[in-house]
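Asker: Just one file: run_14.cif, with mmCIF, C-alpha atoms.
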data_upload
#
loop_
_atom_site.label_atom_id
_atom_site.label_comp_id
_atom_site.auth_asym_id
_atom_site.auth_seq_id
_atom_site.Cartn_x
_atom_site.Cartn_y
_atom_site.Cartn_z
CA MET A 1 471.06 120.66 106.36
CA HIS A 2 467.68 121.69 105.28
CA SER A 3 465.35 123.02 107.80
CA GLN A 4 462.07 121.52 108.41
CA ALA A 5 460.31 124.47 106.79
CA GLU A 6 462.38 124.08 103.67
CA ARG A 7 461.64 120.43 103.44
CA ARG A 8 458.01 121.28 103.81
CA ARG A 9 458.20 123.73 100.92
CA ARG A 10 459.76 121.10 98.74
CA ARG A 11 457.16 118.50 99.64
CA LEU A 12 454.28 120.90 99.09
CA PRO A 13 454.60 120.96 95.28
CA GLU A 14 454.93 117.16 95.33
CA GLU A 15 451.82 116.80 97.47
CA LEU A 16 449.97 119.31 95.31
CA ASN A 17 451.06 117.44 92.21
CA ILE A 18 449.82 114.18 93.70
CA LYS A 19 446.50 115.84 94.69
CA LEU A 20 446.22 117.42 91.25
CA LYS A 21 446.75 114.05 89.54
CA SER A 22 444.19 112.46 91.89
CA LEU A 23 441.65 115.19 91.06
CA GLN A 24 442.37 114.86 87.33
CA LYS A 25 441.85 111.10 87.60
CA LYS A 26 438.58 111.73 89.46
CA LEU A 27 437.49 114.24 86.78
CA LYS A 28 438.28 111.75 84.01
CA ASN A 29 436.36 109.03 85.87
CA ASN A 30 433.37 111.39 86.42
CA GLU A 31 433.37 112.32 82.74
CA LYS A 32 433.40 108.61 81.85
CA ILE A 33 430.45 108.00 84.20
CA LYS A 34 428.67 111.04 82.71
CA GLY A 35 429.15 109.57 79.22
CA GLN A 36 427.74 106.25 80.40
CA LEU A 37 424.75 108.01 81.98
CA VAL A 38 424.06 109.99 78.80
CA LYS A 39 424.29 106.74 76.85
CA LYS A 40 421.83 105.09 79.30
CA VAL A 41 419.41 108.02 78.94
CA LEU A 42 419.47 107.61 75.16
CA GLN A 43 419.06 103.83 75.50
CA ASN A 44 416.12 104.35 77.86
CA LYS A 45 414.48 106.71 75.38
CA SER A 46 415.02 104.23 72.56
CA GLN A 47 413.73 101.33 74.68
CA ALA A 48 410.68 103.33 75.75
CA GLU A 49 409.83 104.26 72.14
CA HIS A 50 410.29 100.67 70.96
CA THR A 51 408.25 99.30 73.87
CA GLU A 52 405.51 101.86 73.25
CA ARG A 53 405.27 100.72 69.61
CA GLN A 54 405.02 97.10 70.75
CA ILE A 55 402.34 97.99 73.31
CA LYS A 56 400.35 99.77 70.61
CA GLN A 57 400.71 96.75 68.29
CA GLN A 58 399.53 94.37 71.01
CA PHE A 59 396.55 96.57 71.86
CA GLU A 60 395.73 96.90 68.17
CA LYS A 61 395.63 93.10 67.95
CA LEU A 62 393.26 93.04 70.92
CA HIS A 63 391.14 95.84 69.41
CA GLN A 64 391.00 93.94 66.12
CA PHE A 65 390.00 90.78 67.95
CA LEU A 66 387.21 92.69 69.69
CA ARG A 67 386.05 94.24 66.40
CA ASP A 68 386.02 90.77 64.80
CA GLU A 69 384.08 89.31 67.74
CA GLU A 70 381.61 92.18 67.60
CA GLU A 71 381.11 91.66 63.87
CA ALA A 72 380.69 87.88 64.26
CA THR A 73 378.17 88.32 67.08
CA ILE A 74 376.17 90.90 65.12
CA THR A 75 376.29 88.68 62.01
CA ALA A 76 374.90 85.76 64.04
CA LEU A 77 372.19 88.03 65.43
CA ARG A 78 371.22 89.19 61.94
CA GLU A 79 371.16 85.60 60.68
CA GLU A 80 368.82 84.62 63.49
CA GLU A 81 366.70 87.68 62.79
CA GLU A 82 366.47 86.66 59.12
CA GLN A 83 365.52 83.08 60.04
CA LYS A 84 362.84 84.30 62.45
CA LYS A 85 361.58 86.77 59.87
CA GLN A 86 361.31 84.00 57.26
CA MET A 87 359.56 81.69 59.72
CA MET A 88 357.10 84.45 60.64
CA LYS A 89 356.52 85.24 56.96
CA GLU A 90 355.62 81.58 56.33
CA LYS A 91 353.33 81.53 59.37
CA LEU A 92 351.68 84.77 58.21
CA GLU A 93 351.06 83.25 54.78
CA GLU A 94 349.58 80.17 56.44
CA ILE A 95 347.33 82.21 58.72
CA ASN A 96 346.26 84.37 55.78
CA ARG A 97 345.23 81.21 53.92
CA HIS A 98 343.25 80.07 56.98
CA ILE A 99 341.60 83.47 57.32
CA SER A 100 340.70 83.50 53.63
CA ALA A 101 339.29 79.97 53.77
CA LEU A 102 337.29 80.77 56.91
CA SER A 103 336.00 84.00 55.39
CA HIS A 104 334.83 82.14 52.28
CA THR A 105 333.19 79.41 54.36
CA ILE A 106 331.37 81.99 56.49
CA LYS A 107 330.25 83.92 53.42
CA ASP A 108 329.07 80.75 51.67
CA MET A 109 327.18 79.59 54.78
CA GLU A 110 325.53 82.98 55.17
CA GLU A 111 324.49 82.84 51.50
CA MET A 112 323.11 79.30 51.88
CA MET A 113 321.18 80.30 54.95
CA LYS A 114 319.53 83.12 52.98
CA ASP A 115 318.32 80.65 50.37
CA ASN A 116 314.94 79.06 50.84
CA ASP A 117 314.72 76.19 53.24
CA VAL A 118 314.65 73.47 50.55
CA CYS A 119 317.89 74.63 48.91
CA PHE A 120 319.54 74.99 52.29
CA LEU A 121 318.57 71.47 53.29
CA LYS A 122 319.92 70.07 50.02
CA LYS A 123 323.24 71.85 50.55
CA PHE A 124 323.32 71.17 54.30
CA PRO A 125 325.51 68.00 54.23
CA VAL A 126 328.10 69.80 52.05
CA SER A 127 327.94 72.83 54.35
CA MET A 128 328.47 70.72 57.42
CA GLU A 129 331.46 69.07 55.77
CA ARG A 130 332.97 72.51 55.04
CA VAL A 131 332.32 73.66 58.59
CA GLN A 132 334.09 70.58 59.92
CA ILE A 133 337.09 71.26 57.65
CA SER A 134 337.21 74.87 58.75
CA SER A 135 336.86 73.92 62.40
CA GLN A 136 340.36 72.53 62.45
CA PRO A 137 342.48 73.93 65.27
CA ASP A 138 343.65 77.48 64.86
CA PRO A 139 347.27 77.94 63.98
CA GLN A 140 349.36 78.79 67.00
CA THR A 141 352.01 81.42 67.41
CA PRO A 142 355.19 79.41 66.95
CA SER A 143 357.49 79.02 69.89
CA GLY A 144 360.90 80.55 69.39
CA ALA A 145 359.46 83.36 67.30
CA LEU A 146 361.51 86.02 69.06
CA ILE A 147 365.25 86.62 69.02
CA HIS A 148 367.04 84.77 71.82
CA VAL A 149 368.63 87.93 73.27
CA PRO A 150 370.54 86.20 76.11
CA ARG A 151 372.44 84.21 73.47
CA TYR A 152 374.02 87.48 72.33
CA LEU A 153 374.15 89.61 75.47
CA GLY A 154 374.24 87.05 78.27
CA ASN A 155 377.71 86.96 79.75
CA LEU A 156 379.13 88.61 76.61
CA PRO A 157 382.26 90.01 78.31
CA PHE A 158 383.04 86.61 79.85
CA ARG A 159 382.62 84.73 76.55
CA VAL A 160 384.87 87.22 74.75
CA TRP A 161 387.41 87.03 77.57
CA LYS A 162 387.50 83.22 77.26
CA LYS A 163 388.17 83.54 73.53
CA MET A 164 390.87 86.12 74.25
CA GLN A 165 392.65 83.55 76.42
CA ASP A 166 393.42 81.61 73.24
CA ILE A 167 395.12 84.68 71.78
CA VAL A 168 397.12 85.19 74.96
CA GLN A 169 398.16 81.53 75.13
CA ASN A 170 399.14 81.54 71.45
CA SER A 171 401.20 84.71 71.82
CA GLU A 172 403.12 83.24 74.76
CA SER A 173 404.22 80.23 72.71
#
Can you give me the file's structure in the form of structure tokens?

Answerer:
Amino acid sequence: MHSQAERRRRRLPEELNIKLKSLQKKLKNNEKIKGQLVKKVLQNKSQAEHTERQIKQQFEKLHQFLRDEEEATITALREEEEQKKQMMKEKLEEINRHISALSHTIKDMEEMMKDNDVCFLKKFPVSMERVQISSQPDPQTPSGALIHVPRYLGNLPFRVWKKMQDIVQNSES
């Protein structure tokens, strides 16, 4: 019969073979996992690049929205400025006509007063009529002559944010 030591020697290569196969299986499994991890790293990189492009596109849409809002607000401001300028131009023309008429009336009255008393008295009723015409109320500075600044700056971020909500709601649909 075989001694215990001999049996041990025979089992040793078997055990080593079994251990070797187990380690080889583990190595193969680890290499498979390594391949999966490398694949995940590449997928992550690809996902990150794609997501970054999408983020940039979304922010560009928001930037474009803000540029459009800025342009629309400035256009409205310039339109109001032009309207106010036109209104003031018309008022200036009107006041210039009043000034000219008053200047002529004053000059004519001063001339009449220099004339001798008889001529002045003859022209007096006409002079008084002209004075009454020229004593109409003075033109007033029109209300609303200045730009309504709060319309453009008041709560500007909030108004733009409210408009941006439409973009956000539309992009979610």

Asker: If you count only C-alpha atoms, which residues fall within 7 Å of range 83-100 of chain A, apart from same-chain ones fewer than 4 positions away, as a list in words?

Answerer: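 That gives Glu79, His104, Pro139, Ala145 and Leu146 of chain A.
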
Asker: What residues have an atom no more than 10 Å from (383.4, 85.3, 68.5) in the file's own frame, counting all atoms listed in the file, and can you write them as a VMD selection string?

Answerer: chain A and resid 65 to 74 76 156 159 to 160 162 to 164

Asker: Rounded to one decimal place, report the CA of Ser3 in chain A-CA of Ile18 in chain A distance in Å.

Answerer: 22.8 Å

Asker: Expressed in Å to a single decimal, how great is the separation between CA of His50 in chain A and CA of Lys34 in chain A?

Answerer: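 Computing the Euclidean distance for CA of His50 in chain A and CA of Lys34 in chain A yields 24.2 Å.
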